[in-house]
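Trainee: Handing over work_6.cif, mmCIF, C-alpha atoms.
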```cif
data_upload
loop_
_atom_site.label_atom_id
_atom_site.label_comp_id
_atom_site.auth_asym_id
_atom_site.auth_seq_id
_atom_site.Cartn_x
_atom_site.Cartn_y
_atom_site.Cartn_z
CA MET A 1 -3.78 3.93 2.54
CA ASN A 2 -3.39 0.23 3.29
CA LEU A 3 -5.35 -1.41 6.09
CA HIS A 4 -4.82 -4.48 8.22
CA GLU A 5 -7.03 -7.47 7.54
CA TYR A 6 -9.10 -6.88 10.69
CA GLN A 7 -9.68 -3.24 9.75
CA GLY A 8 -10.74 -4.14 6.22
CA LYS A 9 -13.20 -6.66 7.60
CA GLN A 10 -14.66 -4.05 9.94
CA ILE A 11 -15.47 -1.92 6.89
CA LEU A 12 -16.85 -4.90 4.95
CA SER A 13 -19.04 -5.96 7.86
CA SER A 14 -20.45 -2.45 8.23
CA PHE A 15 -21.81 -2.73 4.67
CA GLY A 16 -23.35 -6.16 5.20
CA VAL A 17 -20.53 -8.39 3.93
CA LYS A 18 -20.41 -11.57 6.00
CA VAL A 19 -17.12 -12.31 7.79
CA PRO A 20 -16.11 -15.01 10.30
CA LEU A 21 -16.19 -14.22 14.01
CA GLU A 22 -12.73 -12.83 14.77
CA ILE A 23 -11.10 -11.01 17.70
CA LEU A 24 -7.88 -8.98 17.70
CA ALA A 25 -5.15 -9.75 20.26
CA GLU A 26 -1.87 -8.05 21.16
CA THR A 27 -0.61 -10.60 23.71
CA PRO A 28 -0.80 -14.40 24.02
CA GLU A 29 -3.13 -13.94 27.00
CA GLU A 30 -5.51 -11.83 24.93
CA ALA A 31 -5.33 -14.47 22.19
CA VAL A 32 -6.42 -17.18 24.65
CA ALA A 33 -9.29 -15.02 25.91
CA ALA A 34 -10.35 -14.36 22.32
CA ALA A 35 -10.33 -18.07 21.46
CA LYS A 36 -12.42 -18.91 24.53
CA LYS A 37 -14.98 -16.25 23.59
CA ILE A 38 -15.18 -17.51 20.00
CA GLN A 39 -15.63 -21.05 21.32
CA GLU A 40 -18.49 -19.94 23.56
CA GLU A 41 -20.29 -18.15 20.72
CA THR A 42 -19.70 -20.59 17.85
CA GLY A 43 -18.72 -23.89 19.40
CA SER A 44 -15.53 -23.84 17.33
CA THR A 45 -12.62 -25.84 18.75
CA VAL A 46 -10.23 -25.00 15.91
CA PHE A 47 -8.89 -21.47 15.41
CA ALA A 48 -6.78 -19.53 12.92
CA VAL A 49 -4.02 -17.36 14.41
CA LYS A 50 -3.17 -14.71 11.80
CA ALA A 51 -0.38 -12.12 11.90
CA GLN A 52 -1.54 -8.58 11.11
CA ILE A 53 0.91 -6.78 8.83
CA HIS A 54 0.52 -4.82 5.60
CA ALA A 55 1.67 -7.63 3.29
CA GLY A 56 0.27 -10.69 1.59
CA GLY A 57 1.70 -14.21 1.67
CA ARG A 58 1.68 -14.30 5.47
CA GLY A 59 1.03 -18.04 5.55
CA LYS A 60 4.14 -18.76 3.48
CA GLY A 61 6.26 -16.90 6.04
CA GLY A 62 4.78 -18.67 9.05
CA GLY A 63 2.43 -15.86 9.97
CA VAL A 64 -0.79 -17.92 9.81
CA LYS A 65 -1.25 -21.01 11.97
CA ILE A 66 -4.20 -23.34 12.58
CA ALA A 67 -4.58 -24.07 16.28
CA LYS A 68 -6.51 -27.22 17.27
CA SER A 69 -6.78 -26.28 20.94
CA ILE A 70 -6.71 -23.28 23.28
CA ASP A 71 -3.17 -24.26 24.33
CA GLU A 72 -2.04 -24.16 20.70
CA VAL A 73 -3.59 -20.70 20.31
CA GLN A 74 -1.37 -19.47 23.15
CA SER A 75 1.69 -21.22 21.72
CA TYR A 76 1.22 -19.90 18.17
CA ALA A 77 0.38 -16.38 19.37
CA ASP A 78 3.58 -16.42 21.43
CA GLN A 79 5.55 -17.50 18.34
CA ILE A 80 4.03 -14.98 15.94
CA LEU A 81 3.82 -11.85 18.12
CA GLY A 82 7.15 -10.03 18.01
CA MET A 83 8.50 -11.99 15.04
CA MET A 84 9.98 -10.28 11.97
CA LEU A 85 7.68 -11.80 9.36
CA VAL A 86 9.20 -12.16 5.89
CA THR A 87 6.82 -12.77 2.98
CA PRO A 88 7.10 -12.40 -0.82
CA GLN A 89 5.64 -8.88 -0.35
CA THR A 90 8.03 -7.59 2.35
CA SER A 91 11.69 -6.63 2.31
CA ALA A 92 14.33 -9.18 3.27
CA GLU A 93 14.23 -7.71 6.76
CA GLY A 94 10.49 -8.40 7.10
CA LYS A 95 7.90 -6.64 9.24
CA LEU A 96 7.43 -6.73 13.00
CA VAL A 97 4.18 -8.42 14.06
CA ARG A 98 2.43 -6.43 16.79
CA LYS A 99 -1.07 -7.96 16.58
CA VAL A 100 -2.71 -11.26 15.73
CA LEU A 101 -6.27 -11.98 14.65
CA ILE A 102 -7.95 -15.01 16.21
CA SER A 103 -10.60 -16.43 13.87
CA GLN A 104 -13.24 -19.11 14.13
CA ASN A 105 -12.87 -22.32 12.15
CA VAL A 106 -14.76 -22.14 8.83
CA TYR A 107 -13.83 -25.66 7.68
CA TYR A 108 -16.59 -27.39 9.61
CA ASP A 109 -18.60 -30.38 8.38
CA GLY A 110 -21.89 -29.99 6.55
CA PRO A 111 -24.06 -31.18 3.67
CA SER A 112 -21.82 -29.79 0.89
CA LYS A 113 -18.13 -29.48 0.11
CA PRO A 114 -16.36 -26.24 1.18
CA ALA A 115 -14.87 -24.14 -1.62
CA GLU A 116 -12.57 -21.13 -2.00
CA PHE A 117 -12.92 -18.34 -4.57
CA TYR A 118 -11.04 -15.17 -5.48
CA VAL A 119 -12.92 -11.85 -5.77
CA SER A 120 -11.54 -8.33 -6.07
CA VAL A 121 -12.99 -4.92 -6.90
CA LEU A 122 -10.78 -2.27 -8.48
CA LEU A 123 -10.65 0.43 -11.13
CA ASN A 124 -9.93 -0.61 -14.71
CA ARG A 125 -7.83 2.38 -15.77
CA ALA A 126 -8.06 1.43 -19.44
CA THR A 127 -11.84 1.91 -19.48
CA GLY A 128 -12.33 4.26 -16.53
CA LYS A 129 -14.83 1.85 -14.98
CA ASN A 130 -14.85 -0.14 -11.77
CA MET A 131 -14.38 -3.85 -12.32
CA ILE A 132 -15.07 -7.04 -10.40
CA MET A 133 -12.36 -9.64 -11.03
CA TYR A 134 -13.09 -13.15 -9.85
CA SER A 135 -11.98 -16.76 -10.17
CA THR A 136 -12.76 -20.27 -8.97
CA GLU A 137 -9.10 -20.55 -7.95
CA GLY A 138 -9.32 -18.96 -4.52
CA GLY A 139 -6.48 -19.20 -2.03
CA MET A 140 -3.86 -19.15 -4.79
CA ASP A 141 -1.61 -16.38 -6.11
CA ILE A 142 -3.87 -14.65 -8.61
CA GLU A 143 -0.83 -13.57 -10.66
CA LYS A 144 0.12 -17.22 -11.13
CA VAL A 145 -3.45 -18.13 -12.11
CA ALA A 146 -3.51 -15.28 -14.66
CA GLU A 147 -0.22 -16.42 -16.16
CA GLU A 148 -0.86 -20.16 -16.32
CA THR A 149 -4.67 -20.46 -16.66
CA PRO A 150 -6.06 -17.06 -17.77
CA GLU A 151 -9.33 -18.73 -18.82
CA LEU A 152 -10.14 -19.20 -15.12
CA ILE A 153 -10.23 -15.45 -14.46
CA PHE A 154 -13.49 -13.58 -15.15
CA THR A 155 -14.19 -9.85 -15.11
CA GLU A 156 -17.37 -7.82 -14.83
CA GLU A 157 -17.23 -4.10 -15.60
CA ILE A 158 -19.64 -1.75 -13.86
CA ASP A 159 -21.20 1.16 -15.71
CA PRO A 160 -20.85 4.20 -13.40
CA ALA A 161 -24.22 5.51 -14.61
CA THR A 162 -26.11 2.47 -13.31
CA GLY A 163 -23.85 0.91 -10.71
CA LEU A 164 -23.82 -2.85 -10.16
CA LEU A 165 -26.97 -4.37 -11.63
CA PRO A 166 -28.66 -7.48 -10.13
CA PHE A 167 -28.00 -9.61 -13.21
CA GLN A 168 -24.27 -8.90 -12.90
CA ALA A 169 -24.12 -10.19 -9.32
CA ARG A 170 -26.00 -13.31 -10.45
CA LYS A 171 -23.59 -13.73 -13.37
CA VAL A 172 -20.64 -13.79 -10.95
CA ALA A 173 -22.31 -16.49 -8.85
CA PHE A 174 -23.15 -18.51 -11.98
CA ASN A 175 -19.58 -18.34 -13.37
CA LEU A 176 -18.27 -19.55 -10.01
CA GLY A 177 -20.36 -22.69 -10.48
CA LEU A 178 -22.73 -22.12 -7.57
CA SER A 179 -26.36 -23.11 -7.19
CA GLY A 180 -29.13 -23.11 -4.61
CA ALA A 181 -28.46 -21.38 -1.28
CA ALA A 182 -24.79 -20.76 -2.13
CA PHE A 183 -25.81 -19.03 -5.38
CA ARG A 184 -28.21 -16.73 -3.53
CA ASP A 185 -25.68 -15.96 -0.77
CA MET A 186 -22.93 -15.19 -3.30
CA THR A 187 -25.27 -12.80 -5.12
CA LYS A 188 -25.89 -10.96 -1.84
CA PHE A 189 -22.17 -11.07 -1.05
CA ILE A 190 -21.14 -9.48 -4.37
CA THR A 191 -23.83 -6.80 -4.05
CA ALA A 192 -22.71 -5.88 -0.52
CA LEU A 193 -19.03 -6.02 -1.49
CA TYR A 194 -19.47 -3.55 -4.34
CA LYS A 195 -21.54 -1.28 -2.10
CA ALA A 196 -18.71 -1.35 0.45
CA TYR A 197 -16.12 -0.55 -2.23
CA GLU A 198 -18.00 2.52 -3.43
CA GLY A 199 -19.18 3.63 0.01
CA SER A 200 -15.70 3.52 1.55
CA ASP A 201 -13.99 5.27 -1.42
CA SER A 202 -11.56 2.39 -1.74
CA ALA A 203 -8.90 1.87 -4.38
CA LEU A 204 -8.81 -1.92 -3.99
CA PHE A 205 -10.78 -4.72 -2.35
CA GLU A 206 -9.16 -8.14 -2.65
CA ILE A 207 -10.90 -11.04 -0.91
CA ASN A 208 -8.81 -14.18 -1.20
CA PRO A 209 -10.34 -16.47 -0.36
CA VAL A 210 -14.05 -15.85 -0.47
CA PHE A 211 -15.11 -18.98 1.38
CA LYS A 212 -18.16 -21.18 0.81
CA THR A 213 -18.82 -23.15 3.98
CA ALA A 214 -20.19 -26.68 4.12
CA ASP A 215 -23.65 -25.24 4.86
CA ASP A 216 -23.46 -22.87 1.85
CA GLN A 217 -22.66 -19.60 3.60
CA ILE A 218 -20.41 -17.15 1.74
CA LEU A 219 -17.78 -15.41 3.92
CA ALA A 220 -14.83 -13.07 3.42
CA ALA A 221 -12.15 -15.27 4.96
CA ASP A 222 -9.44 -12.71 4.24
CA ALA A 223 -9.43 -9.07 3.15
CA LYS A 224 -6.88 -6.79 1.57
CA VAL A 225 -8.25 -3.24 1.49
CA THR A 226 -6.56 -0.11 0.13
CA LEU A 227 -8.35 3.21 0.66
CA ASP A 228 -8.09 6.23 -1.62
CA GLU A 229 -6.12 8.74 0.47
CA SER A 230 -7.59 11.63 -1.49
CA ALA A 231 -11.04 10.75 -0.13
CA LEU A 232 -10.08 10.35 3.53
CA TYR A 233 -11.43 13.81 4.34
CA ARG A 234 -14.87 12.22 3.91
CA HIS A 235 -14.02 9.33 6.24
CA LYS A 236 -12.44 10.64 9.44
CA ASP A 237 -12.99 7.27 11.14
CA TYR A 238 -11.08 5.47 8.38
CA ALA A 239 -8.22 7.99 8.55
CA GLU A 240 -7.75 7.00 12.19
CA MET A 241 -7.05 3.43 11.04
CA ARG A 242 -3.63 4.44 9.64
CA ASP A 243 -0.86 2.36 11.20
CA ILE A 244 2.36 4.34 10.77
CA HIS A 245 4.36 1.38 12.13
CA GLU A 246 3.62 -0.35 8.84
CA GLU A 247 4.81 2.56 6.71
CA ASN A 248 8.29 3.69 5.74
CA PRO A 249 9.34 6.06 8.59
CA VAL A 250 11.00 8.48 6.16
CA GLU A 251 7.82 8.65 4.06
CA VAL A 252 5.80 9.30 7.22
CA GLU A 253 8.16 12.14 8.17
CA ALA A 254 7.94 13.57 4.64
CA LYS A 255 4.14 13.54 4.78
CA GLU A 256 4.22 15.47 8.06
CA ALA A 257 6.53 18.02 6.41
CA GLY A 258 4.15 18.37 3.45
CA LEU A 259 6.54 16.74 0.97
CA ASN A 260 5.65 14.07 -1.59
CA TYR A 261 8.31 11.40 -1.02
CA VAL A 262 8.68 7.76 -2.08
CA ASP A 263 11.70 5.75 -0.96
CA LEU A 264 13.58 3.80 -3.66
CA ASP A 265 16.72 1.63 -3.76
CA GLY A 266 19.16 3.79 -5.75
CA ASN A 267 22.22 5.96 -5.11
CA VAL A 268 21.20 9.41 -6.43
CA GLY A 269 18.79 11.52 -4.39
CA CYS A 270 16.23 13.61 -6.30
CA MET A 271 14.68 16.92 -5.32
CA VAL A 272 12.25 18.18 -7.95
CA ASN A 273 9.14 20.35 -8.26
CA GLY A 274 6.29 18.66 -10.11
CA ALA A 275 5.54 14.95 -10.54
CA GLY A 276 6.14 14.92 -14.30
CA LEU A 277 9.55 16.55 -13.98
CA ALA A 278 10.37 14.16 -11.13
CA MET A 279 9.66 11.15 -13.37
CA ALA A 280 11.79 12.64 -16.16
CA THR A 281 14.58 13.32 -13.65
CA MET A 282 14.60 9.69 -12.54
CA ASP A 283 14.92 8.66 -16.20
CA LEU A 284 17.80 11.13 -16.53
CA ILE A 285 19.60 9.56 -13.58
CA LYS A 286 19.18 6.08 -15.07
CA GLN A 287 20.59 7.25 -18.41
CA ALA A 288 23.56 8.76 -16.58
CA GLY A 289 24.43 5.39 -15.08
CA GLY A 290 22.89 5.94 -11.64
CA GLU A 291 19.79 4.72 -9.86
CA PRO A 292 17.22 7.08 -8.28
CA ALA A 293 17.19 6.79 -4.49
CA ASN A 294 13.81 8.46 -4.11
CA PHE A 295 10.94 10.35 -5.67
CA LEU A 296 10.68 13.74 -3.97
CA ASP A 297 8.39 16.51 -5.16
CA VAL A 298 8.86 19.73 -3.15
CA GLY A 299 5.86 21.31 -4.85
CA GLY A 300 5.44 24.91 -5.94
CA THR A 301 7.50 26.43 -3.13
CA ALA A 302 11.14 25.72 -2.37
CA ASP A 303 12.32 28.08 0.36
CA ALA A 304 15.27 27.36 2.66
CA LYS A 305 13.16 25.52 5.24
CA ARG A 306 11.51 23.26 2.66
CA VAL A 307 14.81 22.56 0.89
CA GLU A 308 16.47 21.78 4.24
CA ASP A 309 13.67 19.35 5.14
CA ALA A 310 14.12 17.67 1.76
CA PHE A 311 17.90 17.43 2.21
CA ARG A 312 17.49 15.79 5.62
CA LEU A 313 15.04 13.24 4.24
CA ILE A 314 17.28 12.31 1.33
CA LEU A 315 20.39 12.02 3.51
CA LYS A 316 18.72 9.54 5.86
CA ASP A 317 19.52 7.03 3.11
CA ASP A 318 23.15 5.92 3.50
CA ASN A 319 23.19 4.67 -0.11
CA VAL A 320 22.91 8.21 -1.52
CA LYS A 321 26.17 9.20 -3.25
CA ALA A 322 24.92 12.41 -4.91
CA ILE A 323 21.87 14.67 -4.97
CA LEU A 324 20.30 16.12 -8.10
CA ILE A 325 18.07 19.16 -7.64
CA ASN A 326 16.01 19.81 -10.77
CA ILE A 327 13.65 22.79 -10.51
CA PHE A 328 11.58 24.50 -13.19
CA GLY A 329 10.91 28.07 -12.17
CA GLY A 330 7.38 28.79 -13.29
CA ILE A 331 5.38 29.59 -10.18
CA VAL A 332 8.55 29.76 -8.08
CA ARG A 333 11.50 31.96 -9.10
CA CYS A 334 14.78 30.14 -9.67
CA ASP A 335 16.83 32.69 -7.71
CA ARG A 336 14.68 32.08 -4.63
CA VAL A 337 15.22 28.35 -4.97
CA ALA A 338 18.97 28.87 -5.39
CA GLN A 339 19.07 31.05 -2.29
CA GLY A 340 17.06 28.38 -0.45
CA VAL A 341 19.63 25.74 -1.45
CA VAL A 342 22.54 27.92 -0.31
CA ASP A 343 20.88 28.81 3.01
CA ALA A 344 19.87 25.21 3.70
CA TYR A 345 23.37 23.97 2.89
CA LYS A 346 24.90 26.49 5.31
CA ASN A 347 22.36 25.66 8.04
CA MET A 348 23.18 21.98 7.83
CA GLY A 349 26.92 22.50 8.21
CA ASP A 350 28.92 19.29 7.73
CA THR A 351 25.80 17.12 7.51
CA ILE A 352 25.95 17.15 3.71
CA LYS A 353 28.87 14.97 2.65
CA VAL A 354 27.83 14.19 -0.93
CA PRO A 355 28.09 16.35 -4.08
CA ILE A 356 25.00 18.26 -5.17
CA ILE A 357 24.05 19.10 -8.74
CA VAL A 358 21.52 21.90 -9.15
CA ARG A 359 19.72 22.43 -12.43
CA LEU A 360 17.45 25.50 -12.38
CA GLN A 361 15.53 26.47 -15.49
CA GLY A 362 12.91 29.18 -15.91
CA THR A 363 12.34 32.57 -14.30
CA ASN A 364 15.65 34.21 -13.21
CA ALA A 365 17.64 31.05 -14.03
CA ASP A 366 20.72 33.12 -14.90
CA ILE A 367 20.67 34.88 -11.51
CA ALA A 368 20.18 31.50 -9.80
CA LYS A 369 23.21 30.00 -11.56
CA LYS A 370 25.35 32.91 -10.46
CA LEU A 371 24.20 32.51 -6.85
CA ILE A 372 25.14 28.82 -6.89
CA ASP A 373 28.48 29.33 -8.65
CA GLU A 374 29.55 32.10 -6.26
CA SER A 375 28.38 30.38 -3.07
CA GLY A 376 31.72 28.65 -2.47
CA LEU A 377 29.86 25.46 -1.56
CA ASN A 378 30.25 21.95 -2.97
CA VAL A 379 27.36 22.55 -5.35
CA LEU A 380 27.55 22.19 -9.13
CA SER A 381 25.15 24.18 -11.28
CA ALA A 382 23.67 23.15 -14.62
CA VAL A 383 21.30 24.76 -17.10
CA GLU A 384 20.50 22.01 -19.63
CA PHE A 385 19.11 18.56 -18.89
CA GLN A 386 22.06 16.84 -20.59
CA GLU A 387 24.51 19.01 -18.68
CA ALA A 388 22.94 17.86 -15.41
CA ALA A 389 23.14 14.23 -16.58
CA ASP A 390 26.83 14.61 -17.44
CA LYS A 391 27.57 16.04 -14.01
CA VAL A 392 25.71 13.20 -12.29
CA GLN A 393 27.79 10.75 -14.30
CA GLU A 394 30.95 12.64 -13.39
CA VAL A 395 30.38 12.66 -9.62
CA LEU A 396 29.36 8.98 -9.58
CA ALA A 397 32.55 8.06 -11.40
#
```
Now, as a test, write the supplied structure out as structure tokens.
Mentor:
Amino acid sequence: MNLHEYQGKQILSSFGVKVPLEILAETPEEAVAAAKKIQEETGSTVFAVKAQIHAGGRGKGGGVKIAKSIDEVQSYADQILGMMLVTPQTSAEGKLVRKVLISQNVYYDGPSKPAEFYVSVLLNRATGKNMIMYSTEGGMDIEKVAEETPELIFTEEIDPATGLLPFQARKVAFNLGLSGAAFRDMTKFITALYKAYEGSDSALFEINPVFKTADDQILAADAKVTLDESALYRHKDYAEMRDIHEENPVEVEAKEAGLNYVDLDGNVGCMVNGAGLAMATMDLIKQAGGEPANFLDVGGTADAKRVEDAFRLILKDDNVKAILINIFGGIVRCDRVAQGVVDAYKNMGDTIKVPIIVRLQGTNADIAKKLIDESGLNVLSAVEFQEAADKVQEVLA
């Protein structure tokens, strides 16, 4: 589950990670009030106005502005709120900005030069260990840094038996070229950051930039946080942070119906039971000359109601030209699935205007094929994988 920047920083702060003073606003008036409060508490006369959407690269799309007065805060908030913000991580349509975060200025004068670093915590799937990835090149696209100057990216793997050890936090600070008060503060920062990552059951923490102020404080100036949805039952307060406005509405509807659905850009809808078979089915569609329009796993049951829900989700996509149902009858009997398809088709009337290919294999597959073939509906049955691929190719042609 992705979080907004302000939500991620709330979690970080609760574990002792230092963040700038920031206040959320949903109107220009609230933005002005937030700026005045920040000015009272910090003396800051410069403010960052930051759009809150689930995407990176907000600055490149005009979603982050530096205001040098209270009047500019109001003006920028008025510009950003309600805009469709397009970034390298959004669709061409962009995302609607409903909230802005007003932040204190961290580029103030002091005895040393400010600096920006990149730090992330994530799972290294190759080793099965958590890993801290960090670089001196903060504020830049880390993918570009990795491609052009890989020697500037460091990693520190954490043994799950011991957790983060003090020498590892110090090593991070040393490799970032810090000394004195900044070295000590970065060591504390890394320790608290890793504690937050483990304590919140997160899948990703990306802090870009980690900011060193002119008086050697280390702050999380930005935060991209992704929580592990499987662990949300342990964090009811985090679960309430979900912003469904930022999620695909069809995927939200599928989740409410108990279906595993991921929206894609193709022309052939998929309805499958089991994630492995779903992946193989998408490969099958590609080999047949089509493009999968979705990943949809109906799970171990496929009665008429569940099949009908799946049909309605798939058909919300106007690009779908055909639907391939590929079910292996192990736990569920194929004849029950076939009857579910027939009943759902009849219940939906003229809503289904695209051809459907049904491949049922497993328990009672022969009875299922007969049910489909004798239904009188615009449904084509198949037994073998290749047969289903040929029929997909045929209907697309």
Trainee: Can you measure CA of Leu315 (chain A) to CA of Gly269 (chain A) for me? One decimal in Å is fine.
Mentor: 8.1 Å
Trainee: Taking all atoms listed in the file into account, which of A:Gly180, A:Pro20, A:Pro114, A:Gly329 comes nearest Thr42 (chain A)?
Mentor: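 For Thr42 (chain A), the nearest of the candidates is A:Pro20.
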Trainee: Can you give me, as an MDAnalysis selection string, the residues this file yields under the PyMOL selection byres ((chain A and resi 253-257) around 12)?
Mentor: chainID A and resid 244 247:252 258:263 294:299 305:314 316
Trainee: Name all residues at most 12 Å from Gln7 (chain A) (count only C-alpha atoms; drop same-chain ones fewer than 6 positions away) and give them as a PyMOL selection string.
Mentor: chain A and resi 1+13-14+19+22-24+52-54+99+101+222-227+237-243
Trainee: Under the rule that all atoms listed in the file are counted, which of A:Ala31, A:Ile372, A:Val100, A:Asp228 is the nearest residue to Leu204 (chain A)?
Mentor: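 The answer is A:Asp228, which sits nearest to Leu204 (chain A).
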Trainee: Report, in Å to a single decimal, how far apart CA of Asp366 (chain A) and CA of Met271 (chain A) are.
Mentor: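 Computing the Euclidean distance for CA of Met271 (chain A) and CA of Asp366 (chain A) yields 19.8 Å.
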Trainee: Mind checking which residues fall within 12 Å of Ala203 (chain A), counting all atoms listed in the file, ignoring those fewer than 4 positions away in the same chain, and posting them as a count of residues only?
Mentor: 25
Trainee: Mind telling me what the PyMOL selection byres ((chain A and resi 83) around 8) catches here, as a ChimeraX atom specification?
Mentor: /A:79-82,84-85,95-97
Trainee: Figure out the distance between CA of Thr363 (chain A) and CA of Ala278 (chain A), please, to one decimal in Å.
Mentor: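 That distance, rounded to one decimal, is 18.8 Å.
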Trainee: For region 350-368 of chain A, what centre and edge lengths in Å (one decimal) does the axis-aligned box get once 6 Å is added on each side of all its listed atoms, as AutoDock Vina command-line options?
Mentor:
```
--center_x 20.6 --center_y 24.5 --center_z -4.1 --size_x 28.6 --size_y 32.7 --size_z 35.6
```
